[in-house]
Amino acid sequence: MNKPLRRIAIFCGLLVLALLIRDNWLQYVKADSLREDPDNRRVLIARYATPRGDIIVDGKSITGHAETTSGDFKFKRTYKDGAMWAPVTGFVSQSYGATQLEAIEDGILTGNDDRLFFRNTLDMLTGKPKEGGNVVTTLNAAAQKAAYDGLKKQGGKGAVAAIEPSTGKILALASYPSYDPSTIAGGSNADAEAWKKIDKKNNPDDPALNRALREVYPPGSTFKVVTAAAALENGLYTDADEKTDSPLPWTMPGTTTQLKNEGNIPCKNATMRVALQYSCNTVFGKIGSQLGNEKMLEEAKKFGFDEQQFVPVRSSASVFSDDMNPSETALSSIGQFNTAATPLQMAMVASAVANNGTLMKPYMVDSLQAPNLDTLEKTEPEKMSEPLSAQNAQILQSMMETVVKDGTGKTAQIDGVTVGGKTGTAQHGENNSKNPYAWFISYAKVGDSAPVAVAVVVQDDNAVRENISGSGLAAPIAKSVMEAVIKSKQ
Amino acid sequence: MSGTSATNTSTHHTSTIGAIGAPSRRNTELALLVFAVLIPVFAYANVGLAINDQVPAGLLSYGLGLGLLAGVAHLVVRKFAPYADPLMLPLATLLNGLGLVAIWRLDQSKLLQSIGQAGGKATNQLIYTAMGIALFAVVLIFLKDHRTLQRYTYISMAGALVLLLLPLVPGLGAELTYGAKIWIQVGSFTIQPGEFAKIVLAVFFAGYLMVKRDALALASRRFMGLYLPRGRDLGPIIVVWMISILILVFETDLGTSLLFFGMFVIMLYVATERTSWIVFGLLMSGAGAVGVASFEPHVQTRVQAWLNPMHEYTLSRTPGATGVHSEQAMQALWAFGSGGTLGTGWGQGHSELIRFAANSDFIFATFGEELGLAGVMAILLIYGLVVERGVRTALAARDPFGKLLAVGLSGAFALQVFVVAGGVMGLIPLTGMTMPFLAYGGSSVIANWALIGILIRISDTARRPAPAPAPSPDAEMTQVVRPS
């Protein structure tokens with residue numbers, strides 16, 4: 001019987017060998033893909049096992065962390081003034097993942113980034129717990145507060161974006177109504193309830209929407225700044241005070257429709273300065289159709305239209321169409337028809353004009369810090385394009401300053417500060433039935449430098465329609481944001 | 001060797017062990033036992049330090065408990081089986097000790113506590129271990145000679161059938177949401193009779209085959225290089241096959257079914273030395289498994305979970321998905337993968353995510369995650385060693401019954417390890433069986449200690465110096481010729 005016994009011994013050995021081979025396959029060959037499988041809960045457990053690094057504004061963190069008592073996630077994210085900062089931070093939630101800045105800089109914040117690998121390995125050897133790094137933003141706390149409080153006081157939906165024109169640093173990014181990401185950061189039933197409440201399906205106000213970056217609105221008359229820039233750049237008119245060839249009434253080319261102005265304003269052959277001051281649709285509509293779709297598109301693109309911006313959070317692409325006939329181009333040139341812009345986009349327009357024609361690439365992450373506060377990466381200001389020459393930019397500045405000094409933007413005046421701006425009231429809805437959007441874009445100049453450019457949009461479905469104007473609703477918010485920035489620089 | 005008598009065969013090969021004048025190796029066993037106790041004690045301390053940052057309060061009592069049990073077992077072996085194989089007791093103690101540590105480690109999991117799968121289980125397991133060692137001692141003290149078991153061949157058959165059928169008795173079988181129907185409920189205890197049936201059945205097969213092996217081996221026709229058994233000789237294998245199929249259909253457990261049928265085929269092959277039985281066995285088990293899988297939904301679910309564990313995981317997370325789906329297969333794979341080469345270290349993994357049966361059927365995944373590839377390979381090799389010592393005992397045994405019983409028990413042990421570890425690691429479909437000695441569960445621990453006890457008894461008989469020839473008055477004149 002011993003021969004079969006020896007064979008059985010070999011057979012049992014083979015069974016063990018099969019298990020050993022399978023185990024090597026699982027724990028060596030497939031180990032990494034199993035370990036990093038996003039469905040493997042250990043990935044999430046590891047993410048929440050150590051305190052997450054913070055997001056910093058003006059040297060103070062706007063985030064924190066709290067230890068959770070239930071479940072297998074040890075720490076959860078907390079936010080200070082979460083609703084105000086939500087468009088900046090996005091959220092990170094034990095149940096719902098991460099979005100926006102929290103998602104993009106997740107590697108640094110959790111400490112898993114490759115640049116922290118060496119440090120983590122050292123920490124592991126010395127027995128120090130793993131820590132996350134910090135994300136230092138360019139934002140200005142006072143400006144953000146002014147923006148958010150302004151929107152909140154106003155009460156409708158709206159958004160604010162503010163940029164430092166000389167660098168592209170984003171100073172404020174507010175959206176209203178908003179939500180507090182602290183309420184959804186955990187994994188409890190209360191978090192699930194809060195999540196349901198901010199879900200677009202249950203809440204028509206869509207508080208989770210980052211309106212400053214992710215919503216496009218028809219820019220209305222604020223777009224006339226772009227049209228004026230196109231007129232100057234293409235040499236159609238070379239001076240703010242040159243009479244334009246603008247009949248009144250003006251019938252759009254190829255149609256029998258007359259383009260209307262708001263009220264009885266002096267638009268016939270008005271100079272561009274006067275036309276911008278009174279916001280003449282006829283003048284800028286005609287300029288747009290005269291320049292044509294192609295040249296208008298070219299100028300709009302230089303300002304950043306038709307392209308997503310990554311700041312590094314993605315911003316929706318603003319729209320200026322490329323296949324329009326002259327009458328559609330005319331409407332688009334006064335910010336109607338297909339034209340649509342994010343608040344960030346319109347802040348970029350004001351910023352390029354204020355920065356003497358140079359558009360800086362907008363960004364909100366100033367630097368990434370290791371847990372010991374060493375700088376891992378610093379964002380340097382970067383030129384994005386030059387939508388207009390310095391000379392033309394100064395002409396446009398003087399026009400925008402007239403708007404605030406004598407025109408529709410008087411409500412944005414600040415004592416002792418030169419402010420340039422443009423109002424907008426954009427029709428929308430079927431047959432323009434809905435309450436229009438009130439816009440204001442502006443910049444402030446202190447001495448030679450312009451520390452801030454801002455765009456504000458307010459949509460108030462409850463306001464009386466006649467009371468809605470960029471001047472009345474949006475300009476005061478822009479003013480307080482500019483004041484906050486100027487004050488914080490002093 | 002066919003044709004030589006059994007006695008002849010066994011004495012022929014005693015040289016592999018060196019029966020005459022062989023050292024008893026009891027001190028070797030004692031030295032190994034010290035390691036088999038110390039390693040789990042250090043592991044226990046390690047778990048406490050990793051989870052609570054302190055040496056666990058129960059370390060002393062745990063160490064003393066395990067040490068005492070191992071000491072008692074050793075003394076019993078020293079007294080009642082002095083020539084026994086020196087490796088089996090330390091290897092079983094080491095596995096048992098590591099299992100206790102893993103169960104205690106899972107006891108610390110809040111998640112498992114919250115679903116009633118953990119908390120105080122290690123204490124229970126220590127009690128089961130004590131009962132197992134007690135049974136081990138009883139076997140060695142009262143079973144002076146394993147050949148005594150031969151007398152109970154047909155009682156064993158009846159007993160095994162009763163044990164196997166118990167879970168099907170209405171009111172006695174425990175209904176579990178997942179898993180196979182291989183449990184019975186007695187009061188507050190659940191018992192897995194299959195673990196005991198394994199041993200009883202091995203006794204029956206050994207007794208039966210010892211008597212019938214010549215008939216099964218000799219009468220056959222040759223066809224395509226294989227000796228085909230006569231039709232009437234196919235009877236026994238067909239009966240066992242049908243019982244296995246019935247187990248598969250009614251208890252819906254592929255593992256138990258495969259284990260019993262496999263054990264029978266191994267013993268049949270050893271008894272008859274006919275390769276044809278292996279071929280028949282493989283064909284029949286293949287046909288049976290495929291046949292049953294084609295209509296039995298529970299088995300189908302297991303096979304699907306094996307082929308596509310991720311899909312099954314997704315379904316288990318989908319509200320309103322039809323049928324019963326379990327995430328366990330995928331969770332076990334993630335546990336192994338997350339362990340990697342060296343593992344996370346005791347107490348630092350998340351194998352509790354397996355939830356149900358994390359400390360019993362799936363305990364191997366905890367070893368995979370926390371001890372890594374290195375630890376799992378070490379444990380698999382320990383199992384391999386236990387099996388090989390068992391087969392070596394069979395080789396050394398001088399009587400065919402002992403040979404068959406030893407190889408049957410070792411083979412069953414090997415098959416069980418393969419079926420469970422292979423199932424948890426996704427090599428074969430999952431079954432409802434437990435890793436011998438590692439997994440939580442009284443039946444398993446107690447039955448496996450009995451199994452080791454019987455193997456130690458056989459090995460003691462095998463290694464015991466042959467009795468000196470009876471003194472003969474004319475001894476000096478007559479040259480004694482021993483069979484070579």
# chains A, B, ... in the order shown; residues from 1 in each chain; ligands from 1

$ closest_atom_pairs --of "stretch 385-481 of chain B" --to "stretch 280-304 of chain B" --cutoff "12 Å" --atoms "only C-alpha atoms" --output "CSV"
residue,atom,partner,partner_atom,distance
B:Gly423,CA,B:Arg302,CA,9.8
B:Val424,CA,B:Arg302,CA,11.7
B:Gly426,CA,B:Val303,CA,10.3
B:Leu427,CA,B:Val303,CA,11.1
B:Ile428,CA,B:Val303,CA,8.4
B:Pro429,CA,B:Val303,CA,5.4
B:Leu430,CA,B:Arg302,CA,6.2
B:Thr431,CA,B:Arg302,CA,7.9
B:Gly432,CA,B:Arg302,CA,10.4

$ write_last_selection --atoms "N, CA and C atoms" --output "PDB file, in the first residue's frame"
ATOM      1  N   GLY B 423     -11.545  28.306  -1.028  1.00  0.00           N
ATOM      2  CA  GLY B 423     -12.802  29.050  -1.139  1.00  0.00           C
ATOM      3  C   GLY B 423     -12.629  30.495  -0.723  1.00  0.00           C
ATOM      4  N   VAL B 424     -11.970  30.712   0.406  1.00  0.00           N
ATOM      5  CA  VAL B 424     -11.802  32.078   0.906  1.00  0.00           C
ATOM      6  C   VAL B 424     -10.905  32.888  -0.029  1.00  0.00           C
ATOM      7  N   GLY B 426     -10.733  32.442  -3.212  1.00  0.00           N
ATOM      8  CA  GLY B 426     -11.328  32.552  -4.536  1.00  0.00           C
ATOM      9  C   GLY B 426     -10.758  31.577  -5.551  1.00  0.00           C
ATOM     10  N   LEU B 427     -10.069  30.525  -5.070  1.00  0.00           N
ATOM     11  CA  LEU B 427      -9.546  29.528  -5.999  1.00  0.00           C
ATOM     12  C   LEU B 427     -10.652  28.583  -6.452  1.00  0.00           C
ATOM     13  N   ILE B 428     -11.572  28.279  -5.541  1.00  0.00           N
ATOM     14  CA  ILE B 428     -12.732  27.437  -5.846  1.00  0.00           C
ATOM     15  C   ILE B 428     -13.951  28.101  -5.210  1.00  0.00           C
ATOM     16  N   PRO B 429     -15.169  27.663  -5.540  1.00  0.00           N
ATOM     17  CA  PRO B 429     -16.333  28.297  -4.914  1.00  0.00           C
ATOM     18  C   PRO B 429     -16.313  28.142  -3.397  1.00  0.00           C
ATOM     19  N   LEU B 430     -16.897  29.111  -2.725  1.00  0.00           N
ATOM     20  CA  LEU B 430     -16.934  29.101  -1.265  1.00  0.00           C
ATOM     21  C   LEU B 430     -17.795  27.972  -0.734  1.00  0.00           C
ATOM     22  N   THR B 431     -17.412  27.433   0.415  1.00  0.00           N
ATOM     23  CA  THR B 431     -18.261  26.455   1.074  1.00  0.00           C
ATOM     24  C   THR B 431     -18.407  26.838   2.527  1.00  0.00           C
ATOM     25  N   GLY B 432     -19.285  26.124   3.215  1.00  0.00           N
ATOM     26  CA  GLY B 432     -19.568  26.511   4.604  1.00  0.00           C
ATOM     27  C   GLY B 432     -18.728  25.784   5.617  1.00  0.00           C
TER      28      GLY B 432
END

$ residues_around --residues "B:Phe401" --least-positions-apart "3" --cutoff "10 Å" --atoms "only C-alpha atoms" --output "number ranges by chain"
B: 6, 146-147, 149-150, 203, 205-211, 271, 394, 397-398, 404-407, 458

$ residues_around --residues "B:Leu38" --least-positions-apart "2" --cutoff "10 Å" --atoms "only C-alpha atoms" --output "list of chain:residue names"
B:Leu32, B:Leu33, B:Val34, B:Phe35, B:Ala36, B:Pro40, B:Val41, B:Phe42, B:Ala43, B:Tyr44, B:Gly63, B:Leu66, B:Gly67, B:Leu94, B:Gly97

$ write_last_selection --atoms "N, CA and C atoms" --output "PDB file, in the first residue's frame"
ATOM      1  N   LEU B  32       9.496  22.024  21.064  1.00  0.00           N
ATOM      2  CA  LEU B  32       8.669  22.655  20.020  1.00  0.00           C
ATOM      3  C   LEU B  32       7.401  23.256  20.626  1.00  0.00           C
ATOM      4  N   LEU B  33       6.873  22.553  21.637  1.00  0.00           N
ATOM      5  CA  LEU B  33       5.648  23.057  22.273  1.00  0.00           C
ATOM      6  C   LEU B  33       5.870  24.411  22.927  1.00  0.00           C
ATOM      7  N   VAL B  34       7.059  24.597  23.491  1.00  0.00           N
ATOM      8  CA  VAL B  34       7.356  25.891  24.106  1.00  0.00           C
ATOM      9  C   VAL B  34       7.187  27.000  23.063  1.00  0.00           C
ATOM     10  N   PHE B  35       7.744  26.757  21.864  1.00  0.00           N
ATOM     11  CA  PHE B  35       7.577  27.755  20.791  1.00  0.00           C
ATOM     12  C   PHE B  35       6.111  27.880  20.380  1.00  0.00           C
ATOM     13  N   ALA B  36       5.429  26.745  20.311  1.00  0.00           N
ATOM     14  CA  ALA B  36       4.027  26.760  19.873  1.00  0.00           C
ATOM     15  C   ALA B  36       3.155  27.536  20.846  1.00  0.00           C
ATOM     16  N   PRO B  40       2.016  32.316  19.894  1.00  0.00           N
ATOM     17  CA  PRO B  40       0.692  32.944  20.065  1.00  0.00           C
ATOM     18  C   PRO B  40       0.659  33.942  21.219  1.00  0.00           C
ATOM     19  N   VAL B  41       1.433  33.712  22.288  1.00  0.00           N
ATOM     20  CA  VAL B  41       1.422  34.668  23.402  1.00  0.00           C
ATOM     21  C   VAL B  41       1.960  36.023  22.934  1.00  0.00           C
ATOM     22  N   PHE B  42       3.049  35.979  22.161  1.00  0.00           N
ATOM     23  CA  PHE B  42       3.578  37.242  21.621  1.00  0.00           C
ATOM     24  C   PHE B  42       2.577  37.876  20.666  1.00  0.00           C
ATOM     25  N   ALA B  43       1.933  37.054  19.859  1.00  0.00           N
ATOM     26  CA  ALA B  43       0.925  37.582  18.931  1.00  0.00           C
ATOM     27  C   ALA B  43      -0.205  38.249  19.701  1.00  0.00           C
ATOM     28  N   TYR B  44      -0.589  37.635  20.809  1.00  0.00           N
ATOM     29  CA  TYR B  44      -1.664  38.169  21.644  1.00  0.00           C
ATOM     30  C   TYR B  44      -1.274  39.545  22.185  1.00  0.00           C
ATOM     31  N   GLY B  63      -1.857  33.076  28.357  1.00  0.00           N
ATOM     32  CA  GLY B  63      -0.610  32.327  28.204  1.00  0.00           C
ATOM     33  C   GLY B  63      -0.611  31.087  29.093  1.00  0.00           C
ATOM     34  N   LEU B  66      -3.203  28.456  27.668  1.00  0.00           N
ATOM     35  CA  LEU B  66      -2.714  27.714  26.503  1.00  0.00           C
ATOM     36  C   LEU B  66      -1.553  26.814  26.906  1.00  0.00           C
ATOM     37  N   GLY B  67      -0.666  27.357  27.768  1.00  0.00           N
ATOM     38  CA  GLY B  67       0.487  26.593  28.212  1.00  0.00           C
ATOM     39  C   GLY B  67       0.060  25.354  29.002  1.00  0.00           C
ATOM     40  N   LEU B  94       0.113  25.239  17.902  1.00  0.00           N
ATOM     41  CA  LEU B  94       0.435  26.539  17.301  1.00  0.00           C
ATOM     42  C   LEU B  94      -0.753  27.076  16.507  1.00  0.00           C
ATOM     43  N   GLY B  97      -3.497  28.096  18.878  1.00  0.00           N
ATOM     44  CA  GLY B  97      -3.146  29.329  19.582  1.00  0.00           C
ATOM     45  C   GLY B  97      -3.295  30.554  18.694  1.00  0.00           C
TER      46      GLY B  97
END

$ closest_residue --among "B:Ala450, B:Ile115, B:Val270, B:Val138" --to "chain A" --atoms "only C-alpha atoms"
B:Val270

$ residues_around --residues "A:Thr379" --least-positions-apart "6" --cutoff "10 Å" --atoms "only C-alpha atoms" --output "number ranges by chain"
A: 138, 169, 363-368

$ interface_residues --of "chain A" --to "chain B" --cutoff "10 Å" --atoms "only C-alpha atoms" --output "PyMOL selection string"
chain A and resi 1-37+39-43+45+70-72

$ select_by_dssp --residues "stretch 112-323 of chain A" --states "alpha helix (DSSP H)" --output "MDAnalysis selection string"
chainID A and resid 117:126 141:154 189:198 211:214 224:233 272:278 281:302

$ atom_distance --atom1 "atom CA of A:Pro371" --atom2 "atom CA of A:Asn140"
22.8 Å
